[in-house]
Amino acid sequence: MATKDMFGEGELWEVFIQKETGAPHEHAGSIHAADSELALQNARDVFARRGEVVSLWVVPANCITASSPDDSGPFFDPADDKIYRHPQFYHVPKAVKGM
Amino acid sequence: MNTSDETTLLERFKSRISAGEKIEPKDWMPERYRKQLIRMISQHAHSEVVGMLPEGNWITRAPSLRRKISLLAKVQDEAGHGMYLYSAAETLGVDRRELIEQLLSGQAKYSHIFNYPTLNWADIGVIGWFVDGAAIVNQTMLAKCSYGPYSRANLRICKEENFHKRQGYEIVATMAAGTTEQREMVQDAVNRWWWPSLMMFGPSDNESPNSAELLRWKVKLHSNDELRQRFVDLTVPQAQAVNITLPDSELRYDKKTQHWNFGKINWEEFWNVVKGNGPCNRERMAARQKADNDGAWVREAAVAYTMKQRMNR
């Protein structure tokens with residue numbers, strides 16, 4: 001285990017909260033905990049003190065792979081020239097409704 | 001990385017800042033920006049944590065159950081706010097333990113205000129009103145700062161802190177409408193906390209070494225003096241509403257500027273407290289060190305338990 005655990009801070013966990021059923025889980029921040037059970041409890045104590053959360057996810061921070069901002073241009077540009085993926089690309093006679 | 005790459009990156013960074021974009025953890029940022037943010041966010045986090053001590057002092061002696069649950073919830077919030085902020089600082093590549101060690105060794109600072117004692121119950125009211133009030137003025141600005149995680153942490157803090165100020169003001173208003181003794185008690189607390197609260201915004205901008213850089217990078221959006229003025233303008237009418245006198249004979253409303261002018265701040269006192277010579281500096285540090293030592297076995301046990309579970313799997 002990482003050296004910082006020698007001080008007992010535990011691993012870093014990213015916390016995602018859902019504010020109401022049907023809403024997406026959104027990243028809220030992070031916490032430290034030794035295991036997943038404590039991670040959930042710590043996340044509750046830090047991010048859900050006022051009953052505004054209906055569901056929590058905790059994920060070990062080192063399990064997340066993120067896109068890199070340096071490559072964000074080339075990484076996302078395959079989508080840039082595909083205007084035909086948007087409805088506005090297609091011509092429809094003006095009189096037609098409900099399209 | 002060669003110098004021309006660095007220059008291009010810096011230019012791009014500056015134009016993103018001036019376009020009002022937020023900087024996120026994995027984005028390129030100047031080393032100074034990163035360092036200044038770590039210093040600021042960790043000081044802010046330490047302040048939340050140390051700030052629990054003066055108020056925690058009165059939880060067991062709160063005058064009613066209603067007052068007690070409010071104060072308990074407020075102090076819990078301060079712990080939570082400390083955690084939001086350590087979490088924001090960690091996105092910049094520091095470890096929380098490292099920051100806590102800096103606090104415990106006295107290398108890192110926290111807000112000077114928490115080195116003043118809470119002598120009686122009126123202090124709890126005045127702290128909520130003044131100290132949390134001043135913090136809200138500052139954090140409302142920081143919620144709009146250029147660094148994404150710090151901005152989001154402050155947004156979350158601001159949402160929760162309004163109750164802190166209101167619970168404080170309720171205590172003040174109740175005592176101010178009470179017996180002569182209660183009125184005198186709350187006026188005395190106001191007299192003691194007013195000037196140190198004004199100092200919370202930091203030295204005047206021409207004396208503050210970090211201000212210009214932080215403003216340029218939109219880590220701060222207003223100067224220390226502007227924030228202090230905003231706090232004074234907000235607080236004077238609140239004091240008048242409950243017949244409390246603020247201890248400043250020079251306090252006058254300027255019709256032209258529509259601001260309240262106030263007297264000179266004793267910066268010598270401020271620097272003296274910052275340097276460790278306030279009434280409670282040693283007591284606060286000793287309390288944090290004790291809490292860290294006393295809690296060590298719990299953290300160690302939690303880690304040992306996880307290791308054991310993993311081995312059994």
# chains A, B, ... in the order shown; residues from 1 in each chain; ligands from 1
>>> closest_atom_pairs(of="chain B", to="chain A", cutoff="7 Å", atoms="only C-alpha atoms", output="JSON lines")
{"residue": "B:Lys26", "atom": "CA", "partner": "A:Pro69", "partner_atom": "CA", "distance": 6.5}
{"residue": "B:Asp27", "atom": "CA", "partner": "A:Pro69", "partner_atom": "CA", "distance": 5.8}
{"residue": "B:Gly80", "atom": "CA", "partner": "A:Val46", "partner_atom": "CA", "distance": 5.1}
{"residue": "B:Tyr84", "atom": "CA", "partner": "A:Gly29", "partner_atom": "CA", "distance": 6.9}
{"residue": "B:Ser87", "atom": "CA", "partner": "A:Ser30", "partner_atom": "CA", "distance": 5.6}
{"residue": "B:Arg97", "atom": "CA", "partner": "A:Glu9", "partner_atom": "CA", "distance": 7.0}
{"residue": "B:Arg299", "atom": "CA", "partner": "A:Gly8", "partner_atom": "CA", "distance": 4.6}
{"residue": "B:Glu300", "atom": "CA", "partner": "A:Gly8", "partner_atom": "CA", "distance": 4.9}
{"residue": "B:Ala302", "atom": "CA", "partner": "A:Ala34", "partner_atom": "CA", "distance": 5.8}
{"residue": "B:Val303", "atom": "CA", "partner": "A:Ala34", "partner_atom": "CA", "distance": 5.2}
{"residue": "B:Thr306", "atom": "CA", "partner": "A:Asp35", "partner_atom": "CA", "distance": 6.0}
>>> write_last_selection(atoms="N, CA, C and O atoms", output="compact mmCIF listing (two decimals), in the first residue's frame")
# COMPACT_ATOMS: atom_id res chain seq x y z
N LYS B 26 -5.79 19.06 -14.21
CA LYS B 26 -4.81 18.51 -15.14
C LYS B 26 -4.32 19.53 -16.17
O LYS B 26 -3.45 19.25 -16.97
N ASP B 27 -4.91 20.72 -16.16
CA ASP B 27 -4.49 21.77 -17.11
C ASP B 27 -3.11 22.31 -16.75
O ASP B 27 -2.73 22.31 -15.58
N GLY B 80 -16.37 19.70 8.09
CA GLY B 80 -16.69 19.35 6.71
C GLY B 80 -16.06 20.32 5.72
O GLY B 80 -15.50 19.91 4.70
N TYR B 84 -13.60 19.68 2.53
CA TYR B 84 -13.78 20.13 1.13
C TYR B 84 -12.49 20.79 0.64
O TYR B 84 -12.08 20.61 -0.50
N SER B 87 -9.46 18.59 0.18
CA SER B 87 -9.72 17.85 -1.06
C SER B 87 -9.38 18.71 -2.28
O SER B 87 -8.75 18.23 -3.24
N ARG B 97 -1.85 14.73 4.21
CA ARG B 97 -1.02 14.53 5.41
C ARG B 97 0.10 15.56 5.49
O ARG B 97 0.43 16.06 6.56
N ARG B 299 -6.96 5.70 13.11
CA ARG B 299 -6.57 5.65 11.69
C ARG B 299 -5.71 4.42 11.41
O ARG B 299 -5.89 3.73 10.41
N GLU B 300 -4.79 4.14 12.32
CA GLU B 300 -3.93 2.96 12.15
C GLU B 300 -4.76 1.68 12.16
O GLU B 300 -4.53 0.77 11.36
N ALA B 302 -7.86 1.30 11.33
CA ALA B 302 -8.66 1.19 10.11
C ALA B 302 -7.81 0.64 8.96
O ALA B 302 -8.25 -0.23 8.20
N VAL B 303 -6.58 1.12 8.87
CA VAL B 303 -5.69 0.64 7.80
C VAL B 303 -5.31 -0.82 8.05
O VAL B 303 -5.33 -1.65 7.13
N THR B 306 -8.10 -3.09 6.98
CA THR B 306 -8.18 -3.23 5.51
C THR B 306 -7.12 -4.21 5.01
O THR B 306 -7.40 -5.07 4.16
>>> select_by_dssp(residues="region 1-96 of chain A", states="helix (DSSP H, G or I)", output="MDAnalysis selection string")
chainID A and resid 3:7 36:47 61:63 69:79 83:85 87:89
>>> write_last_selection(atoms="N, CA, C and O atoms", output="short mmCIF file (atom, residue, chain, number, x, y, z; two decimals), in the first residue's frame")
data_model
loop_
_atom_site.label_atom_id
_atom_site.label_comp_id
_atom_site.auth_asym_id
_atom_site.auth_seq_id
_atom_site.Cartn_x
_atom_site.Cartn_y
_atom_site.Cartn_z
N THR A 3 2.77 4.80 0.74
CA THR A 3 3.44 5.19 1.98
C THR A 3 2.55 6.04 2.87
O THR A 3 2.67 5.98 4.08
N LYS A 4 1.65 6.82 2.25
CA LYS A 4 0.86 7.73 3.10
C LYS A 4 -0.05 6.94 4.06
O LYS A 4 -0.46 7.44 5.08
N ASP A 5 -0.32 5.69 3.70
CA ASP A 5 -1.13 4.87 4.59
C ASP A 5 -0.43 4.56 5.91
O ASP A 5 -1.07 4.19 6.88
N MET A 6 0.88 4.73 5.90
CA MET A 6 1.61 4.54 7.17
C MET A 6 1.15 5.56 8.20
O MET A 6 1.22 5.34 9.39
N PHE A 7 0.66 6.72 7.71
CA PHE A 7 0.14 7.72 8.65
C PHE A 7 -1.35 7.48 8.92
O PHE A 7 -1.98 8.22 9.64
N SER A 36 -13.75 0.62 1.47
CA SER A 36 -14.92 1.17 0.80
C SER A 36 -16.06 1.49 1.76
O SER A 36 -16.80 2.45 1.59
N GLU A 37 -16.16 0.67 2.82
CA GLU A 37 -17.23 0.89 3.79
C GLU A 37 -17.02 2.23 4.52
O GLU A 37 -17.94 3.05 4.65
N LEU A 38 -15.77 2.45 4.98
CA LEU A 38 -15.46 3.72 5.65
C LEU A 38 -15.53 4.88 4.65
O LEU A 38 -15.91 6.00 5.02
N ALA A 39 -15.18 4.59 3.40
CA ALA A 39 -15.24 5.65 2.37
C ALA A 39 -16.68 6.14 2.22
O ALA A 39 -16.93 7.35 2.15
N LEU A 40 -17.64 5.22 2.21
CA LEU A 40 -19.05 5.61 2.09
C LEU A 40 -19.48 6.43 3.30
O LEU A 40 -20.17 7.44 3.17
N GLN A 41 -19.06 5.98 4.49
CA GLN A 41 -19.44 6.71 5.71
C GLN A 41 -18.83 8.11 5.74
O GLN A 41 -19.49 9.08 6.07
N ASN A 42 -17.53 8.19 5.38
CA ASN A 42 -16.88 9.51 5.37
C ASN A 42 -17.52 10.42 4.33
O ASN A 42 -17.72 11.61 4.58
N ALA A 43 -17.85 9.84 3.16
CA ALA A 43 -18.47 10.64 2.10
C ALA A 43 -19.83 11.16 2.58
O ALA A 43 -20.18 12.32 2.33
N ARG A 44 -20.56 10.33 3.30
CA ARG A 44 -21.85 10.77 3.84
C ARG A 44 -21.64 11.93 4.82
O ARG A 44 -22.33 12.95 4.75
N ASP A 45 -20.66 11.79 5.73
CA ASP A 45 -20.44 12.83 6.74
C ASP A 45 -19.96 14.14 6.13
O ASP A 45 -20.25 15.21 6.64
N VAL A 46 -19.20 14.03 5.02
CA VAL A 46 -18.65 15.25 4.44
C VAL A 46 -19.62 15.88 3.43
O VAL A 46 -19.79 17.09 3.39
N PHE A 47 -20.28 15.05 2.62
CA PHE A 47 -21.06 15.60 1.50
C PHE A 47 -22.58 15.50 1.65
O PHE A 47 -23.30 15.95 0.77
N ALA A 61 -9.55 6.80 -6.29
CA ALA A 61 -9.11 7.81 -7.28
C ALA A 61 -8.19 7.20 -8.32
O ALA A 61 -8.24 7.57 -9.49
N ASN A 62 -7.37 6.23 -7.91
CA ASN A 62 -6.41 5.66 -8.88
C ASN A 62 -7.06 4.70 -9.88
O ASN A 62 -6.40 4.17 -10.76
N CYS A 63 -8.38 4.46 -9.75
CA CYS A 63 -9.08 3.63 -10.73
C CYS A 63 -9.69 4.46 -11.85
O CYS A 63 -10.29 3.92 -12.77
N PRO A 69 -5.86 17.03 -20.88
CA PRO A 69 -6.18 18.32 -21.48
C PRO A 69 -5.23 18.69 -22.61
O PRO A 69 -5.61 19.37 -23.55
N ASP A 70 -3.97 18.20 -22.56
CA ASP A 70 -3.01 18.53 -23.62
C ASP A 70 -3.46 17.98 -24.97
O ASP A 70 -3.18 18.55 -26.01
N ASP A 71 -4.12 16.81 -24.94
CA ASP A 71 -4.53 16.18 -26.19
C ASP A 71 -5.99 16.47 -26.50
O ASP A 71 -6.56 15.87 -27.41
N SER A 72 -6.63 17.34 -25.73
CA SER A 72 -8.08 17.44 -25.86
C SER A 72 -8.47 17.89 -27.26
O SER A 72 -9.50 17.48 -27.78
N GLY A 73 -7.61 18.71 -27.94
CA GLY A 73 -7.89 19.10 -29.32
C GLY A 73 -8.01 17.88 -30.22
O GLY A 73 -9.11 17.51 -30.64
N PRO A 74 -6.87 17.20 -30.48
CA PRO A 74 -6.89 16.04 -31.37
C PRO A 74 -7.81 14.91 -30.88
O PRO A 74 -8.38 14.18 -31.69
N PHE A 75 -7.95 14.78 -29.56
CA PHE A 75 -8.76 13.69 -29.03
C PHE A 75 -10.24 13.87 -29.36
O PHE A 75 -10.94 12.92 -29.68
N PHE A 76 -10.71 15.11 -29.26
CA PHE A 76 -12.14 15.34 -29.49
C PHE A 76 -12.47 15.81 -30.90
O PHE A 76 -13.63 15.85 -31.28
N ASP A 77 -11.44 16.15 -31.73
CA ASP A 77 -11.80 16.76 -33.00
C ASP A 77 -12.46 15.83 -34.03
O ASP A 77 -13.09 16.33 -34.96
N PRO A 78 -12.39 14.52 -33.91
CA PRO A 78 -13.17 13.71 -34.84
C PRO A 78 -14.66 14.10 -34.83
O PRO A 78 -15.35 13.88 -35.83
N ALA A 79 -15.13 14.69 -33.73
CA ALA A 79 -16.55 15.05 -33.65
C ALA A 79 -16.82 16.44 -34.23
O ALA A 79 -17.96 16.79 -34.48
N ILE A 83 -21.18 17.76 -38.68
CA ILE A 83 -22.40 18.53 -38.42
C ILE A 83 -23.64 17.73 -38.80
O ILE A 83 -24.74 18.04 -38.37
N TYR A 84 -23.45 16.70 -39.65
CA TYR A 84 -24.60 15.88 -40.05
C TYR A 84 -25.13 15.04 -38.90
O TYR A 84 -26.11 14.34 -39.03
N ARG A 85 -24.46 15.11 -37.71
CA ARG A 85 -25.00 14.43 -36.53
C ARG A 85 -26.00 15.32 -35.77
O ARG A 85 -26.53 14.93 -34.74
N PRO A 87 -29.53 17.74 -35.93
CA PRO A 87 -30.77 17.81 -36.71
C PRO A 87 -30.80 19.02 -37.65
O PRO A 87 -31.42 18.96 -38.72
N GLN A 88 -30.08 20.12 -37.23
CA GLN A 88 -30.11 21.35 -38.04
C GLN A 88 -29.50 21.14 -39.43
O GLN A 88 -29.70 21.95 -40.33
N PHE A 89 -28.74 20.06 -39.62
CA PHE A 89 -28.08 19.80 -40.89
C PHE A 89 -29.10 19.50 -42.00
O PHE A 89 -28.83 19.71 -43.16
#
>>> closest_residue(among="B:Asn277, B:Thr91, B:Ser204, B:Ser146", to="Gly20 (chain B)", atoms="only C-alpha atoms")
B:Ser146
>>> atom_distance(atom1="CA of Glu26 (chain A)", atom2="CA of Leu72 (chain B)")
28.4 Å
>>> atom_distance(atom1="CA of Val126 (chain B)", atom2="CA of Met52 (chain B)")
14.9 Å
>>> residues_around(residues="Val75 (chain B)", least_positions_apart="5", cutoff="12 Å", atoms="only C-alpha atoms", output="ChimeraX atom specification")
/B:48-59,68-70,80-82,124,128,132,160-161,163-164
>>> residues_around(residues="Asn266 (chain B)", least_positions_apart="6", cutoff="10 Å", atoms="only C-alpha atoms", output="number ranges by chain")
B: 195-196, 199
>>> write_last_selection(atoms="C-alpha atoms", output="mmCIF file, in the first residue's frame")
data_model
loop_
_atom_site.group_PDB
_atom_site.id
_atom_site.type_symbol
_atom_site.label_atom_id
_atom_site.label_comp_id
_atom_site.auth_asym_id
_atom_site.auth_seq_id
_atom_site.Cartn_x
_atom_site.Cartn_y
_atom_site.Cartn_z
ATOM 1 C CA TRP B 195 -11.528 45.035 15.193
ATOM 2 C CA PRO B 196 -10.025 41.534 14.910
ATOM 3 C CA MET B 199 -8.396 42.310 10.224
#
>>> residues_around(residues="Ala23 (chain A)", least_positions_apart="6", cutoff="12 Å", atoms="only C-alpha atoms", output="count of residues only")
5
